[in-house]
Amino acid sequence: MSRSYTPERFTSAAFRDLHLPKIQDMYCDLLPKLFCNTTMAPIKVGLLGYGFSTKVFHLPYILPNPDFEVYAFLQRSEAPKDKSKVEPGEHCTVDYPNAKHYRTIEDFCADPEIQLVSVCTKVGVHVEHAEKALLAGKHVVVEKPFTTTSAECDHLIEVAKKSGKILTVFQNRRYDSDFLTLRKLFAEKAFGEVTEFQNHYDCDNPPWMRSTDMGWSPGNGMLFGLGTHSVDQTLLLFGKPKSVTGFTRALKLRGSETDDTFTVILQYDGEQKDLVCTVKTTVISPLPMERMLKYMVRGTAGAFVKTGEDPQVDHHMAGMKADDPKFGAEPEGYYGYLSTTKDSALGESKRILESEKGCYMDYYRDVAKAIRGEAEVAVKPEQSRIVSSRLIVWVWAVQVARGR
């Protein structure tokens, strides 16, 4: 009778059960330790694009993670011949000389060493690039917005299922300090029945917005750019709504077809029939960050008001590394105020609540776990389909129909 032994079954008892010669008994306690101490090889990552998204939202959280190796880039521009004259951040071959550099998506996807692809290119080519990577046998992370139509989402989801590879969307704002704090309060049943929720993502006259009107194209504007985050957070807390009402405006570039300000109202039914959620972004909000409203929750047993913004991008821009113990920790001025009654699971209290620490590194940790079969995909593509290709497209289409 034959027996097979997997690494998980390598115990001293298992080895002795094999009736090995006595002289080998001394190794029965050593061999399991050798197997248990074997570390898995890092997942080789290829990044499509070398712009702001790649350098600010992906690389800082991949590089410190031992689960990953930055292996390759797709950057269409030719590698500079004299790298000494190139500023840092301009070309991947200057900043990452040991990584592979490809100039076409075909050559990039043909590299059999690439295991995970982060699609950080413009939304208009998300589908093309993600599909080619999946068909080449790579796992794929797609920057938000996922796609701009439901049909495109469905197509990519089907391609991923047939390929047997992981497909997920970069909803990193699930790992924000303020949202992690909010989710913890919901898990602790702090509010009783929630009757009203406000989710703000405001930024007064942001310097990264274009000062000239580039015209509209699918995926442009704040509704797609920031709304994909705040709508995703809201649906994660409450699920799909019964009805959606939306308004978009252009306040910075008056008359532009590209929105920079929006309000989306979600109404529910069933057990949540008395719930109304408001999701907002505006670029006109001349307030200091510690005074800008982020969240407001009202429930039958508690309420929570939160201002400020997750500090991870600011920390990165200031030169702090993502694995620094202080990275992602909010200043006290951003902490929220929690008020609960005796009917709350937390009991009666009124207090300033210290925020959880934000951690975008956890997004990629969760991706690694999914690739290795240790956990389910944290951000399922079906969830992002509802966010970016149903709710947001519907709001935009209604506004176009109204002639905004």
# chains A, B, ... in the order shown; residues from 1 in each chain; ligands from 1

$ closest_atom_pairs --of "region 121-181 of chain A" --to "region 354-362 of chain A" --cutoff "7 Å" --atoms "only C-alpha atoms" --output "CSV"
residue,atom,partner,partner_atom,distance
A:Asn172,CA,A:Tyr360,CA,6.1
A:Tyr175,CA,A:Cys359,CA,5.6
A:Asp176,CA,A:Gly358,CA,4.6
A:Ser177,CA,A:Gly358,CA,3.8
A:Asp178,CA,A:Ser355,CA,6.3
A:Leu180,CA,A:Glu356,CA,6.1
A:Thr181,CA,A:Glu356,CA,5.2

$ write_last_selection --atoms "all heavy atoms" --output "mmCIF file, in the first residue's frame"
data_model
loop_
_atom_site.group_PDB
_atom_site.id
_atom_site.type_symbol
_atom_site.label_atom_id
_atom_site.label_comp_id
_atom_site.auth_asym_id
_atom_site.auth_seq_id
_atom_site.Cartn_x
_atom_site.Cartn_y
_atom_site.Cartn_z
ATOM 1 N N ASN A 172 -8.150 50.899 -3.596
ATOM 2 C CA ASN A 172 -7.273 51.080 -2.445
ATOM 3 C C ASN A 172 -7.905 51.881 -1.316
ATOM 4 O O ASN A 172 -7.469 51.801 -0.168
ATOM 5 C CB ASN A 172 -5.968 51.760 -2.871
ATOM 6 C CG ASN A 172 -6.192 53.149 -3.436
ATOM 7 O OD1 ASN A 172 -7.015 53.329 -4.336
ATOM 8 N ND2 ASN A 172 -5.471 54.141 -2.945
ATOM 9 N N TYR A 175 -8.793 50.741 2.111
ATOM 10 C CA TYR A 175 -7.724 50.601 3.091
ATOM 11 C C TYR A 175 -7.325 51.961 3.665
ATOM 12 O O TYR A 175 -6.254 52.096 4.248
ATOM 13 C CB TYR A 175 -6.524 49.909 2.446
ATOM 14 C CG TYR A 175 -6.845 48.518 1.929
ATOM 15 C CD1 TYR A 175 -7.492 48.342 0.714
ATOM 16 C CD2 TYR A 175 -6.521 47.381 2.657
ATOM 17 C CE1 TYR A 175 -7.805 47.076 0.231
ATOM 18 C CE2 TYR A 175 -6.830 46.106 2.190
ATOM 19 C CZ TYR A 175 -7.480 45.969 0.971
ATOM 20 O OH TYR A 175 -7.789 44.707 0.497
ATOM 21 N N ASP A 176 -8.196 52.954 3.502
ATOM 22 C CA ASP A 176 -7.978 54.277 4.102
ATOM 23 C C ASP A 176 -8.174 54.215 5.614
ATOM 24 O O ASP A 176 -8.975 53.416 6.121
ATOM 25 C CB ASP A 176 -8.975 55.290 3.530
ATOM 26 C CG ASP A 176 -8.516 55.883 2.216
ATOM 27 O OD1 ASP A 176 -7.424 55.539 1.743
ATOM 28 O OD2 ASP A 176 -9.268 56.711 1.655
ATOM 29 N N SER A 177 -7.497 55.106 6.314
ATOM 30 C CA SER A 177 -7.613 55.177 7.775
ATOM 31 C C SER A 177 -9.050 55.435 8.219
ATOM 32 O O SER A 177 -9.568 54.763 9.118
ATOM 33 C CB SER A 177 -6.700 56.284 8.313
ATOM 34 O OG SER A 177 -6.969 57.510 7.644
ATOM 35 N N ASP A 178 -9.701 56.402 7.564
ATOM 36 C CA ASP A 178 -11.051 56.763 7.999
ATOM 37 C C ASP A 178 -12.067 55.670 7.685
ATOM 38 O O ASP A 178 -12.970 55.402 8.476
ATOM 39 C CB ASP A 178 -11.487 58.110 7.397
ATOM 40 C CG ASP A 178 -10.993 58.314 5.990
ATOM 41 O OD1 ASP A 178 -10.906 57.323 5.238
ATOM 42 O OD2 ASP A 178 -10.689 59.460 5.637
ATOM 43 N N LEU A 180 -11.415 52.384 7.362
ATOM 44 C CA LEU A 180 -11.160 51.264 8.271
ATOM 45 C C LEU A 180 -11.771 51.534 9.648
ATOM 46 O O LEU A 180 -12.311 50.625 10.288
ATOM 47 C CB LEU A 180 -9.655 51.030 8.402
ATOM 48 C CG LEU A 180 -8.938 50.510 7.151
ATOM 49 C CD1 LEU A 180 -7.428 50.476 7.371
ATOM 50 C CD2 LEU A 180 -9.446 49.128 6.761
ATOM 51 N N THR A 181 -11.713 52.790 10.088
ATOM 52 C CA THR A 181 -12.336 53.175 11.357
ATOM 53 C C THR A 181 -13.847 52.993 11.281
ATOM 54 O O THR A 181 -14.476 52.447 12.199
ATOM 55 C CB THR A 181 -12.002 54.643 11.683
ATOM 56 O OG1 THR A 181 -10.590 54.816 11.696
ATOM 57 C CG2 THR A 181 -12.579 55.051 13.023
#

$ residues_around --residues "Ser217 (chain A)" --least-positions-apart "6" --cutoff "12 Å" --atoms "only C-alpha atoms" --output "list in words"
Lys122, Val123, Gly124, Thr148, Phe224, Ser256, Glu257, Thr258, Asp259 and Trp396 of chain A

$ write_last_selection --atoms "all heavy atoms" --output "PDB file, in the first residue's frame"
ATOM      1  N   LYS A 122      -4.246  54.421 -19.155  1.00  0.00           N
ATOM      2  CA  LYS A 122      -5.491  55.188 -19.218  1.00  0.00           C
ATOM      3  C   LYS A 122      -6.689  54.262 -19.312  1.00  0.00           C
ATOM      4  O   LYS A 122      -6.604  53.156 -19.861  1.00  0.00           O
ATOM      5  CB  LYS A 122      -5.458  56.139 -20.413  1.00  0.00           C
ATOM      6  CG  LYS A 122      -4.416  57.249 -20.285  1.00  0.00           C
ATOM      7  CD  LYS A 122      -4.460  58.175 -21.497  1.00  0.00           C
ATOM      8  CE  LYS A 122      -3.432  59.296 -21.351  1.00  0.00           C
ATOM      9  NZ  LYS A 122      -3.441  60.219 -22.521  1.00  0.00           N
ATOM     10  N   VAL A 123      -7.826  54.722 -18.785  1.00  0.00           N
ATOM     11  CA  VAL A 123      -9.016  53.875 -18.711  1.00  0.00           C
ATOM     12  C   VAL A 123      -9.449  53.372 -20.084  1.00  0.00           C
ATOM     13  O   VAL A 123      -9.997  52.274 -20.214  1.00  0.00           O
ATOM     14  CB  VAL A 123     -10.169  54.621 -17.998  1.00  0.00           C
ATOM     15  CG1 VAL A 123     -10.618  55.830 -18.793  1.00  0.00           C
ATOM     16  CG2 VAL A 123     -11.348  53.683 -17.747  1.00  0.00           C
ATOM     17  N   GLY A 124      -9.171  54.146 -21.125  1.00  0.00           N
ATOM     18  CA  GLY A 124      -9.584  53.745 -22.465  1.00  0.00           C
ATOM     19  C   GLY A 124      -8.939  52.471 -22.968  1.00  0.00           C
ATOM     20  O   GLY A 124      -9.460  51.835 -23.898  1.00  0.00           O
ATOM     21  N   THR A 148     -15.674  51.303 -18.492  1.00  0.00           N
ATOM     22  CA  THR A 148     -16.735  52.313 -18.587  1.00  0.00           C
ATOM     23  C   THR A 148     -18.074  51.749 -19.033  1.00  0.00           C
ATOM     24  O   THR A 148     -19.044  52.504 -19.150  1.00  0.00           O
ATOM     25  CB  THR A 148     -16.322  53.437 -19.547  1.00  0.00           C
ATOM     26  OG1 THR A 148     -16.054  52.879 -20.837  1.00  0.00           O
ATOM     27  CG2 THR A 148     -15.084  54.155 -19.037  1.00  0.00           C
ATOM     28  N   PHE A 224     -16.113  59.502 -12.220  1.00  0.00           N
ATOM     29  CA  PHE A 224     -15.334  58.285 -12.460  1.00  0.00           C
ATOM     30  C   PHE A 224     -14.063  58.272 -11.620  1.00  0.00           C
ATOM     31  O   PHE A 224     -13.656  57.226 -11.113  1.00  0.00           O
ATOM     32  CB  PHE A 224     -14.955  58.187 -13.941  1.00  0.00           C
ATOM     33  CG  PHE A 224     -16.012  57.545 -14.804  1.00  0.00           C
ATOM     34  CD1 PHE A 224     -16.852  58.323 -15.570  1.00  0.00           C
ATOM     35  CD2 PHE A 224     -16.154  56.171 -14.852  1.00  0.00           C
ATOM     36  CE1 PHE A 224     -17.818  57.742 -16.373  1.00  0.00           C
ATOM     37  CE2 PHE A 224     -17.121  55.576 -15.646  1.00  0.00           C
ATOM     38  CZ  PHE A 224     -17.962  56.369 -16.411  1.00  0.00           C
ATOM     39  N   SER A 256     -17.556  73.277 -18.997  1.00  0.00           N
ATOM     40  CA  SER A 256     -16.882  72.062 -19.454  1.00  0.00           C
ATOM     41  C   SER A 256     -17.844  70.881 -19.462  1.00  0.00           C
ATOM     42  O   SER A 256     -18.775  70.807 -18.653  1.00  0.00           O
ATOM     43  CB  SER A 256     -15.692  71.742 -18.547  1.00  0.00           C
ATOM     44  OG  SER A 256     -15.142  70.485 -18.870  1.00  0.00           O
ATOM     45  N   GLU A 257     -17.630  69.953 -20.375  1.00  0.00           N
ATOM     46  CA  GLU A 257     -18.426  68.726 -20.411  1.00  0.00           C
ATOM     47  C   GLU A 257     -17.920  67.699 -19.404  1.00  0.00           C
ATOM     48  O   GLU A 257     -18.569  66.687 -19.166  1.00  0.00           O
ATOM     49  CB  GLU A 257     -18.388  68.124 -21.815  1.00  0.00           C
ATOM     50  CG  GLU A 257     -19.088  68.973 -22.873  1.00  0.00           C
ATOM     51  CD  GLU A 257     -19.045  68.317 -24.239  1.00  0.00           C
ATOM     52  OE1 GLU A 257     -18.318  67.319 -24.385  1.00  0.00           O
ATOM     53  OE2 GLU A 257     -19.735  68.805 -25.143  1.00  0.00           O
ATOM     54  N   THR A 258     -16.753  67.955 -18.829  1.00  0.00           N
ATOM     55  CA  THR A 258     -16.177  67.035 -17.857  1.00  0.00           C
ATOM     56  C   THR A 258     -16.501  67.510 -16.447  1.00  0.00           C
ATOM     57  O   THR A 258     -16.147  68.626 -16.073  1.00  0.00           O
ATOM     58  CB  THR A 258     -14.647  66.940 -18.035  1.00  0.00           C
ATOM     59  OG1 THR A 258     -14.363  66.523 -19.371  1.00  0.00           O
ATOM     60  CG2 THR A 258     -14.055  65.947 -17.059  1.00  0.00           C
ATOM     61  N   ASP A 259     -17.177  66.668 -15.669  1.00  0.00           N
ATOM     62  CA  ASP A 259     -17.598  67.063 -14.323  1.00  0.00           C
ATOM     63  C   ASP A 259     -16.408  67.129 -13.373  1.00  0.00           C
ATOM     64  O   ASP A 259     -15.448  66.359 -13.489  1.00  0.00           O
ATOM     65  CB  ASP A 259     -18.627  66.065 -13.785  1.00  0.00           C
ATOM     66  CG  ASP A 259     -18.031  64.688 -13.526  1.00  0.00           C
ATOM     67  OD1 ASP A 259     -17.934  63.882 -14.485  1.00  0.00           O
ATOM     68  OD2 ASP A 259     -17.636  64.417 -12.382  1.00  0.00           O
ATOM     69  N   TRP A 396     -24.146  59.438 -15.090  1.00  0.00           N
ATOM     70  CA  TRP A 396     -23.605  60.263 -16.181  1.00  0.00           C
ATOM     71  C   TRP A 396     -24.578  60.318 -17.355  1.00  0.00           C
ATOM     72  O   TRP A 396     -24.816  61.382 -17.927  1.00  0.00           O
ATOM     73  CB  TRP A 396     -22.252  59.705 -16.636  1.00  0.00           C
ATOM     74  CG  TRP A 396     -21.767  60.379 -17.873  1.00  0.00           C
ATOM     75  CD1 TRP A 396     -21.138  61.574 -17.976  1.00  0.00           C
ATOM     76  CD2 TRP A 396     -21.926  59.888 -19.202  1.00  0.00           C
ATOM     77  NE1 TRP A 396     -20.890  61.870 -19.286  1.00  0.00           N
ATOM     78  CE2 TRP A 396     -21.359  60.860 -20.062  1.00  0.00           C
ATOM     79  CE3 TRP A 396     -22.475  58.732 -19.751  1.00  0.00           C
ATOM     80  CZ2 TRP A 396     -21.325  60.699 -21.438  1.00  0.00           C
ATOM     81  CZ3 TRP A 396     -22.451  58.568 -21.125  1.00  0.00           C
ATOM     82  CH2 TRP A 396     -21.887  59.541 -21.950  1.00  0.00           C
TER      83      TRP A 396
END

$ closest_residue --among "A:Met292, A:Ala190, A:Val379, A:Met320" --to "Ser349 (chain A)" --atoms "only C-alpha atoms"
A:Ala190

$ residues_around --residues "region 46-57 of chain A" --least-positions-apart "6" --cutoff "7 Å" --atoms "only C-alpha atoms" --output "PDB file with C-alpha atoms, in the first residue's frame"
ATOM      1  CA  VAL A  70       9.172  44.476  -9.341  1.00  0.00           C
ATOM      2  CA  TYR A  71      10.240  42.686 -12.492  1.00  0.00           C
ATOM      3  CA  ALA A  72       9.132  44.659 -15.568  1.00  0.00           C
ATOM      4  CA  PHE A  73       7.575  47.859 -16.907  1.00  0.00           C
ATOM      5  CA  LEU A  74       5.730  48.827 -20.053  1.00  0.00           C
ATOM      6  CA  GLN A  75       6.778  52.362 -20.946  1.00  0.00           C
ATOM      7  CA  CYS A  92      11.680  53.344 -15.520  1.00  0.00           C
ATOM      8  CA  ILE A 114       5.684  38.039 -15.301  1.00  0.00           C
ATOM      9  CA  LEU A 116       1.060  39.634 -11.881  1.00  0.00           C
ATOM     10  CA  VAL A 117       0.237  42.640 -14.052  1.00  0.00           C
ATOM     11  CA  SER A 118      -0.872  45.988 -12.622  1.00  0.00           C
ATOM     12  CA  VAL A 119      -2.740  47.902 -15.319  1.00  0.00           C
ATOM     13  CA  CYS A 120      -1.998  51.580 -14.638  1.00  0.00           C
ATOM     14  CA  THR A 121      -2.641  52.898 -18.134  1.00  0.00           C
TER      15      THR A 121
END

$ atom_distance --atom1 "CA of Ala345 (chain A)" --atom2 "CA of Glu188 (chain A)"
6.7 Å

$ atom_distance --atom1 "CA of Asp154 (chain A)" --atom2 "CA of His229 (chain A)"
20.1 Å

$ residues_around --residues "Thr234 (chain A)" --least-positions-apart "5" --cutoff "10 Å" --atoms "only C-alpha atoms" --output "JSON, numbers by chain"
{"A": [179, 197, 198, 199, 229, 239, 240, 241, 266, 277, 278, 279, 387]}

$ write_last_selection --atoms "N, CA, C and O atoms" --output "tab-separated table (two decimals), in the first residue's frame"
chain	number	residue	atom	x	y	z
A	179	PHE	N	-11.91	55.00	6.52
A	179	PHE	CA	-12.87	53.95	6.18
A	179	PHE	C	-12.65	52.70	7.04
A	179	PHE	O	-13.62	52.04	7.42
A	197	PHE	N	-26.45	58.33	5.83
A	197	PHE	CA	-25.01	58.23	5.67
A	197	PHE	C	-24.55	59.23	4.62
A	197	PHE	O	-25.12	59.30	3.54
A	198	GLN	N	-23.53	60.00	4.97
A	198	GLN	CA	-22.92	60.92	4.02
A	198	GLN	C	-21.45	60.55	3.83
A	198	GLN	O	-20.73	60.33	4.80
A	199	ASN	N	-21.04	60.48	2.58
A	199	ASN	CA	-19.67	60.13	2.23
A	199	ASN	C	-19.12	61.23	1.33
A	199	ASN	O	-19.54	61.39	0.18
A	229	HIS	N	-14.37	55.46	-5.82
A	229	HIS	CA	-13.94	55.11	-4.46
A	229	HIS	C	-15.07	55.26	-3.46
A	229	HIS	O	-15.37	54.33	-2.70
A	239	GLY	N	-24.70	47.67	0.54
A	239	GLY	CA	-25.19	46.88	-0.58
A	239	GLY	C	-25.79	47.74	-1.67
A	239	GLY	O	-25.74	48.97	-1.64
A	240	LYS	N	-26.40	47.06	-2.65
A	240	LYS	CA	-26.98	47.76	-3.81
A	240	LYS	C	-28.25	48.51	-3.39
A	240	LYS	O	-29.08	47.96	-2.67
A	241	PRO	N	-28.41	49.73	-3.87
A	241	PRO	CA	-29.62	50.51	-3.53
A	241	PRO	C	-30.79	50.14	-4.44
A	241	PRO	O	-30.62	49.48	-5.48
A	266	LEU	N	-28.43	57.63	-2.90
A	266	LEU	CA	-28.83	56.23	-2.96
A	266	LEU	C	-29.95	55.99	-1.96
A	266	LEU	O	-29.82	56.35	-0.78
A	277	CYS	N	-28.42	57.47	1.51
A	277	CYS	CA	-26.98	57.70	1.46
A	277	CYS	C	-26.67	58.78	0.44
A	277	CYS	O	-27.22	58.77	-0.67
A	278	THR	N	-25.82	59.71	0.82
A	278	THR	CA	-25.40	60.79	-0.07
A	278	THR	C	-23.89	60.70	-0.28
A	278	THR	O	-23.13	60.68	0.69
A	279	VAL	N	-23.49	60.63	-1.54
A	279	VAL	CA	-22.07	60.55	-1.91
A	279	VAL	C	-21.72	61.81	-2.67
A	279	VAL	O	-22.37	62.12	-3.68
A	387	VAL	N	-20.15	49.33	-9.39
A	387	VAL	CA	-19.76	50.71	-9.08
A	387	VAL	C	-19.53	51.53	-10.34
A	387	VAL	O	-20.23	52.51	-10.62

$ select_by_dssp --residues "region 231-397 of chain A" --states "alpha helix (DSSP H)" --output "compact mmCIF listing (two decimals) with N, CA, C and O atoms, in the first residue's frame"
# COMPACT_ATOMS: atom_id res chain seq x y z
N VAL A 231 -18.36 55.65 -3.87
CA VAL A 231 -19.51 54.78 -4.13
C VAL A 231 -19.18 53.34 -3.73
O VAL A 231 -20.00 52.64 -3.13
N ASP A 232 -17.97 52.90 -4.04
CA ASP A 232 -17.55 51.55 -3.65
C ASP A 232 -17.61 51.37 -2.13
O ASP A 232 -18.12 50.36 -1.63
N GLN A 233 -17.13 52.35 -1.38
CA GLN A 233 -17.18 52.27 0.08
C GLN A 233 -18.62 52.17 0.57
O GLN A 233 -18.94 51.36 1.45
N THR A 234 -19.48 52.98 -0.02
CA THR A 234 -20.88 53.02 0.41
C THR A 234 -21.58 51.70 0.13
O THR A 234 -22.32 51.17 0.98
N LEU A 235 -21.36 51.13 -1.05
CA LEU A 235 -21.97 49.84 -1.39
C LEU A 235 -21.41 48.72 -0.53
O LEU A 235 -22.11 47.75 -0.23
N LEU A 236 -20.15 48.84 -0.14
CA LEU A 236 -19.56 47.82 0.72
C LEU A 236 -20.25 47.79 2.09
O LEU A 236 -20.41 46.73 2.70
N LEU A 237 -20.68 48.97 2.55
CA LEU A 237 -21.37 49.06 3.84
C LEU A 237 -22.83 48.64 3.77
O LEU A 237 -23.34 47.97 4.68
N PHE A 238 -23.51 49.01 2.68
CA PHE A 238 -24.97 48.88 2.64
C PHE A 238 -25.52 48.02 1.51
O PHE A 238 -26.70 47.71 1.50
N GLN A 312 -2.02 58.78 3.71
CA GLN A 312 -0.98 57.95 3.10
C GLN A 312 -0.30 58.60 1.90
O GLN A 312 0.93 58.53 1.75
N VAL A 313 -1.08 59.26 1.04
CA VAL A 313 -0.47 59.92 -0.12
C VAL A 313 0.43 61.06 0.35
O VAL A 313 1.56 61.23 -0.15
N ASP A 314 -0.04 61.84 1.33
CA ASP A 314 0.78 62.93 1.88
C ASP A 314 2.07 62.39 2.50
O ASP A 314 3.14 62.99 2.34
N HIS A 315 1.96 61.29 3.21
CA HIS A 315 3.15 60.69 3.82
C HIS A 315 4.15 60.24 2.75
O HIS A 315 5.36 60.45 2.89
N HIS A 316 3.62 59.65 1.68
CA HIS A 316 4.52 59.24 0.59
C HIS A 316 5.20 60.44 -0.05
O HIS A 316 6.42 60.42 -0.29
N MET A 317 4.42 61.48 -0.32
CA MET A 317 4.98 62.68 -0.95
C MET A 317 6.04 63.34 -0.06
O MET A 317 6.96 63.99 -0.56
N MET A 361 -0.54 48.95 1.73
CA MET A 361 0.24 47.72 1.58
C MET A 361 -0.64 46.49 1.76
O MET A 361 -0.39 45.44 1.15
N ASP A 362 -1.68 46.62 2.58
CA ASP A 362 -2.57 45.49 2.81
C ASP A 362 -3.34 45.11 1.55
O ASP A 362 -3.74 43.95 1.39
N TYR A 363 -3.57 46.07 0.66
CA TYR A 363 -4.25 45.72 -0.59
C TYR A 363 -3.42 44.68 -1.33
O TYR A 363 -3.93 43.63 -1.75
N TYR A 364 -2.13 44.96 -1.51
CA TYR A 364 -1.29 44.02 -2.24
C TYR A 364 -1.00 42.75 -1.44
O TYR A 364 -0.80 41.67 -2.01
N ARG A 365 -1.01 42.84 -0.11
CA ARG A 365 -0.91 41.62 0.69
C ARG A 365 -2.10 40.71 0.41
O ARG A 365 -1.96 39.50 0.29
N ASP A 366 -3.29 41.31 0.30
CA ASP A 366 -4.49 40.53 0.00
C ASP A 366 -4.43 39.93 -1.40
O ASP A 366 -4.91 38.81 -1.64
N VAL A 367 -3.85 40.66 -2.35
CA VAL A 367 -3.67 40.13 -3.71
C VAL A 367 -2.76 38.90 -3.68
O VAL A 367 -3.04 37.88 -4.31
N ALA A 368 -1.66 39.00 -2.93
CA ALA A 368 -0.73 37.87 -2.82
C ALA A 368 -1.42 36.65 -2.23
O ALA A 368 -1.24 35.51 -2.70
N LYS A 369 -2.23 36.85 -1.20
CA LYS A 369 -2.95 35.74 -0.58
C LYS A 369 -3.90 35.08 -1.58
O LYS A 369 -4.03 33.84 -1.62
N ALA A 370 -4.58 35.89 -2.39
CA ALA A 370 -5.51 35.35 -3.38
C ALA A 370 -4.75 34.54 -4.44
O ALA A 370 -5.19 33.46 -4.84
N ILE A 371 -3.62 35.07 -4.92
CA ILE A 371 -2.84 34.37 -5.93
C ILE A 371 -2.34 33.03 -5.41
O ILE A 371 -2.34 32.02 -6.12
N PRO A 381 -14.14 41.65 -8.97
CA PRO A 381 -14.46 42.46 -10.14
C PRO A 381 -15.96 42.71 -10.30
O PRO A 381 -16.36 43.73 -10.84
N GLU A 382 -16.75 41.77 -9.81
CA GLU A 382 -18.21 41.95 -9.89
C GLU A 382 -18.67 43.16 -9.08
O GLU A 382 -19.63 43.83 -9.44
N GLN A 383 -17.98 43.42 -7.96
CA GLN A 383 -18.31 44.60 -7.15
C GLN A 383 -17.98 45.88 -7.90
O GLN A 383 -18.77 46.83 -7.90
N SER A 384 -16.82 45.90 -8.54
CA SER A 384 -16.44 47.09 -9.29
C SER A 384 -17.30 47.28 -10.54
O SER A 384 -17.47 48.39 -11.02
N ARG A 385 -17.85 46.20 -11.06
CA ARG A 385 -18.78 46.30 -12.18
C ARG A 385 -20.00 47.12 -11.79
O ARG A 385 -20.47 47.98 -12.54
N ILE A 386 -20.52 46.86 -10.59
CA ILE A 386 -21.69 47.60 -10.12
C ILE A 386 -21.35 49.07 -9.93
O ILE A 386 -22.12 49.97 -10.29
N ILE A 392 -22.38 54.60 -11.81
CA ILE A 392 -21.76 55.84 -12.26
C ILE A 392 -22.11 56.13 -13.71
O ILE A 392 -22.41 57.27 -14.07
N VAL A 393 -22.10 55.11 -14.56
CA VAL A 393 -22.47 55.33 -15.96
C VAL A 393 -23.93 55.77 -16.05
O VAL A 393 -24.30 56.63 -16.86
N TRP A 394 -24.77 55.19 -15.19
CA TRP A 394 -26.19 55.57 -15.22
C TRP A 394 -26.35 57.04 -14.84
O TRP A 394 -27.09 57.77 -15.50
N VAL A 395 -25.68 57.48 -13.78
CA VAL A 395 -25.76 58.89 -13.37
C VAL A 395 -25.29 59.79 -14.50
O VAL A 395 -25.92 60.79 -14.84
N TRP A 396 -24.15 59.44 -15.09
CA TRP A 396 -23.60 60.26 -16.18
C TRP A 396 -24.58 60.32 -17.35
O TRP A 396 -24.82 61.38 -17.93
N ALA A 397 -25.16 59.16 -17.73
CA ALA A 397 -26.07 59.12 -18.87
C ALA A 397 -27.30 59.98 -18.65
O ALA A 397 -27.78 60.67 -19.56

$ closest_atom_pairs --of "region 317-382 of chain A" --to "region 294-302 of chain A" --cutoff "10 Å" --atoms "only C-alpha atoms" --output "tab-separated table"
residue	atom	partner	partner_atom	distance
A:Tyr334	CA	A:Lys294	CA	9.5
A:Gly336	CA	A:Tyr295	CA	8.8
A:Tyr337	CA	A:Met296	CA	9.7
A:Leu338	CA	A:Gly302	CA	7.4
A:Ser339	CA	A:Gly302	CA	5.5
A:Thr340	CA	A:Gly302	CA	4.0
A:Thr341	CA	A:Ala301	CA	5.3
A:Lys342	CA	A:Ala301	CA	7.4
A:Asp343	CA	A:Ala301	CA	5.4
A:Ser344	CA	A:Ala301	CA	4.9
A:Ala345	CA	A:Ala301	CA	8.5
A:Leu346	CA	A:Gly302	CA	9.3
A:Gly347	CA	A:Ala301	CA	9.0
A:Glu348	CA	A:Gly302	CA	8.8
A:Ser349	CA	A:Gly302	CA	9.2
A:Lys350	CA	A:Gly302	CA	9.6
